[in-house]
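Written below as structure tokens is the structure these notes are about.
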Amino acid sequence: MSIESTIDALAAKGIHSVLAQFSDIHGVAKGKLVPLTNLREWVEAGAGFAGPSIWGTGLGRFGKRSEYYARVQLESLWPLPFMAGVAHAVCDGYAGGEPLETCSRQLLKCQLQRLTDRGWTLWVGIEPEFFLLRQDENGSWQGADVHDQLDKPSYDLKSIHRNREFLEEMRQSLTELGFDLQQIDHEDACGQYEINYRFDDALAAADRYMLFKMTAHAVAQKHGMTFSCMPKPFAKAPGSGLHFHLSITDAQGKAIFTDARDPLELSALGYSFVAGLLHHADALSALCAPTVNSYKRLACSNSASGTTWSPVWKSYGDNNRTCVVRTVAGRIEWRLPDPSCNVYAAIAATLAAGLNGIDQEMVPPVACTVDLYEQQAAGLPMPERLPRDLVSAIHALSNDTALRGAIGDAFCDEFIKLKKQEWDEYHQQISDWEMDRYADAF
């Protein structure tokens, strides 16, 4: 549709404004409301923002490249069911009339162009896990449903019934936004849920996840709850992942990772892609698990439910959820990401690592055929571990010149600078654990 016909079609639905939305370097949605009648300006020039006011742009306070322009992607316009009269629009970041290197959506588009040049398409299925929280009168965070207290709460139907109004409004809103829903279930921690929807091409999948989060924030707030993407809000409960199901098709639509003759149904290209993920896993941790709290999830800890699926070791295996890479009938599940990640940057980095594995014809180690948690408990030799904390992951990304070069140094430099600051701020805090352990110990 042309810009004019789009204006007419949206106006006929009662739309008067466009929510021009982009993502900062942390993957947090930002934007502003602009008039629908000026849509041509928002598409061709973009809605303007003060560049230094946005995390991670790297833009200065003066000159042509001090202004961040968010250009509306016309095909992304969609009325928001929770904001009457407003249509949502995905935006790309520009500065000085050029695509901004530190814009994570532009980052992903650059990686996808490498696939387009080969006649390939990346398909991504994203599994959003999240907690529903609320603060008590003292400001302490707890699960929103005080009755959600089972020792093993996976698939708990009573919790679904108690929270049916939130879940039903999510179902209605996501359906109106064009999501092809597949399932809604209670996950393995109290207060934790998962909503699954159909896979899409990589860019659309990332855009859709951002819209999912925006919807969940709005609906949860309406019901007096907080939608939380914190990877591990409770010490003795499982954390939340954001698993990526990855497959690539060629120009004829053939899945290039698949070979039915192989025991894991993986092709040579599939094995090399996996090898690339494992080779760059330490650096990828910084972008896929980008917070201090992320590494509380990536730990060999016991959970109250008796089950943990935390992908701690750099390994892969057939339908093996104790590995960071799980292969399923020629499809690759990348289990490292968590919902605090910038989904555009995480997919872009994952693709860059996998393509490096293919281009270098990397060969992975032998596939894992055991439960790695049981192997560790038995004191047997283990695969290498992922980084144990954010600073180790940041150092790995800093030193992985091949991955940095593929992703883009401009983005990585900004990201590393901010994450080093986050780590320093964390270490300036005194925790309750420290007070309890040391205040009167010596």
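Simple scheme: letters A, B, ... for chains in structure tokens order, numbers from 1 for residues in each chain, numbers from 1 for ligands in the order shown.
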Would you list the contacts of A:Ala70 as a PyMOL selection string, taking every protein, DNA or RNA residue within 6 Å and counting only C-alpha atoms, but skipping same-chain residues closer than 4 positions in sequence? chain A and resi 46-47+91-93
Export, as an mmCIF file, in the first residue's frame, the selected residues with C-alpha atoms.
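Once written, result-v8.cif looks like this:
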```cif
data_model
loop_
_atom_site.group_PDB
_atom_site.id
_atom_site.type_symbol
_atom_site.label_atom_id
_atom_site.label_comp_id
_atom_site.auth_asym_id
_atom_site.auth_seq_id
_atom_site.Cartn_x
_atom_site.Cartn_y
_atom_site.Cartn_z
ATOM 1 C CA GLY A 46 11.834 9.764 10.512
ATOM 2 C CA ALA A 47 10.629 11.006 13.856
ATOM 3 C CA CYS A 91 11.339 1.988 13.215
ATOM 4 C CA ASP A 92 14.923 1.829 11.980
ATOM 5 C CA GLY A 93 17.539 4.190 13.421
#
```
Apply DSSP to the backbone of this structure and, from stretch 112-295 of chain A, keep only the residues in strand (DSSP E or B); write these as a ChimeraX atom specification. /A:121-135,141-143,181-186,192-197,200-201,226-228,242-249,255,258,266
Excluding A:Thr401 and its own-chain neighbours fewer than 5 positions away, which residues fall within 12 Å of it when counting only C-alpha atoms? Please give them as a PyMOL selection string. chain A and resi 280+283+353+356+395-396+406-409+412-413
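Distances to A:Thr322 were evaluated for A:Thr350, A:Asn399, A:Thr291, A:Gln375 using only C-alpha atoms, and the minimum falls at A:Gln375.
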Residue contacts of A:Gln113 (12 Å, only C-alpha atoms) excluding same-chain residues fewer than 3 positions away, as a PyMOL selection string: chain A and resi 106-110+116-122+202-203+348+351-352
Those residues you just picked out, can you put them in a file as an mmCIF file, in the first residue's frame with N, CA and C atoms?
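And here's result.cif as it stands now:
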```cif
data_model
loop_
_atom_site.group_PDB
_atom_site.id
_atom_site.type_symbol
_atom_site.label_atom_id
_atom_site.label_comp_id
_atom_site.auth_asym_id
_atom_site.auth_seq_id
_atom_site.Cartn_x
_atom_site.Cartn_y
_atom_site.Cartn_z
ATOM 1 N N GLN A 106 19.142 -2.252 12.679
ATOM 2 C CA GLN A 106 20.021 -2.135 11.512
ATOM 3 C C GLN A 106 21.115 -3.200 11.564
ATOM 4 N N LEU A 107 21.581 -3.494 12.766
ATOM 5 C CA LEU A 107 22.605 -4.534 12.963
ATOM 6 C C LEU A 107 22.100 -5.876 12.445
ATOM 7 N N LEU A 108 20.883 -6.229 12.825
ATOM 8 C CA LEU A 108 20.313 -7.496 12.374
ATOM 9 C C LEU A 108 20.099 -7.500 10.865
ATOM 10 N N LYS A 109 19.656 -6.394 10.309
ATOM 11 C CA LYS A 109 19.426 -6.324 8.863
ATOM 12 C C LYS A 109 20.735 -6.533 8.094
ATOM 13 N N CYS A 110 21.838 -6.030 8.631
ATOM 14 C CA CYS A 110 23.142 -6.234 7.978
ATOM 15 C C CYS A 110 23.517 -7.709 7.971
ATOM 16 N N THR A 116 20.923 -13.185 2.546
ATOM 17 C CA THR A 116 20.265 -12.888 1.267
ATOM 18 C C THR A 116 21.238 -13.035 0.111
ATOM 19 N N ASP A 117 22.486 -12.611 0.319
ATOM 20 C CA ASP A 117 23.507 -12.734 -0.730
ATOM 21 C C ASP A 117 23.770 -14.190 -1.097
ATOM 22 N N ARG A 118 23.467 -15.110 -0.193
ATOM 23 C CA ARG A 118 23.646 -16.545 -0.455
ATOM 24 C C ARG A 118 22.347 -17.205 -0.910
ATOM 25 N N GLY A 119 21.269 -16.424 -0.961
ATOM 26 C CA GLY A 119 19.972 -16.986 -1.318
ATOM 27 C C GLY A 119 19.320 -17.734 -0.174
ATOM 28 N N TRP A 120 19.721 -17.413 1.079
ATOM 29 C CA TRP A 120 19.219 -18.120 2.251
ATOM 30 C C TRP A 120 18.284 -17.228 3.068
ATOM 31 N N THR A 121 17.435 -17.865 3.863
ATOM 32 C CA THR A 121 16.519 -17.172 4.766
ATOM 33 C C THR A 121 16.598 -17.814 6.150
ATOM 34 N N LEU A 122 16.755 -16.985 7.176
ATOM 35 C CA LEU A 122 16.781 -17.469 8.554
ATOM 36 C C LEU A 122 15.380 -17.390 9.146
ATOM 37 N N ALA A 202 13.591 -13.962 10.478
ATOM 38 C CA ALA A 202 14.310 -13.460 11.657
ATOM 39 C C ALA A 202 13.923 -12.032 12.025
ATOM 40 N N LEU A 203 13.843 -11.131 11.047
ATOM 41 C CA LEU A 203 13.535 -9.738 11.360
ATOM 42 C C LEU A 203 12.112 -9.608 11.886
ATOM 43 N N ALA A 348 21.297 -11.292 15.770
ATOM 44 C CA ALA A 348 22.374 -10.911 14.850
ATOM 45 C C ALA A 348 23.687 -11.583 15.232
ATOM 46 N N LEU A 351 23.556 -15.383 14.578
ATOM 47 C CA LEU A 351 23.720 -15.661 13.154
ATOM 48 C C LEU A 351 25.169 -15.459 12.721
ATOM 49 N N ALA A 352 25.797 -14.387 13.192
ATOM 50 C CA ALA A 352 27.197 -14.127 12.827
ATOM 51 C C ALA A 352 28.100 -15.272 13.281
#
```
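Proximity of A:Ile7, A:Leu115, A:Ala275, A:Val325 to A:Asn38, computed with only C-alpha atoms, is greatest for A:Ile7.
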Based on DSSP run over this structure's backbone, return all residues of stretch 19-100 of chain A in alpha helix (DSSP H), as a list of chain:residue names. A:Leu39, A:Arg40, A:Glu41, A:Trp42, A:Val43, A:Glu44
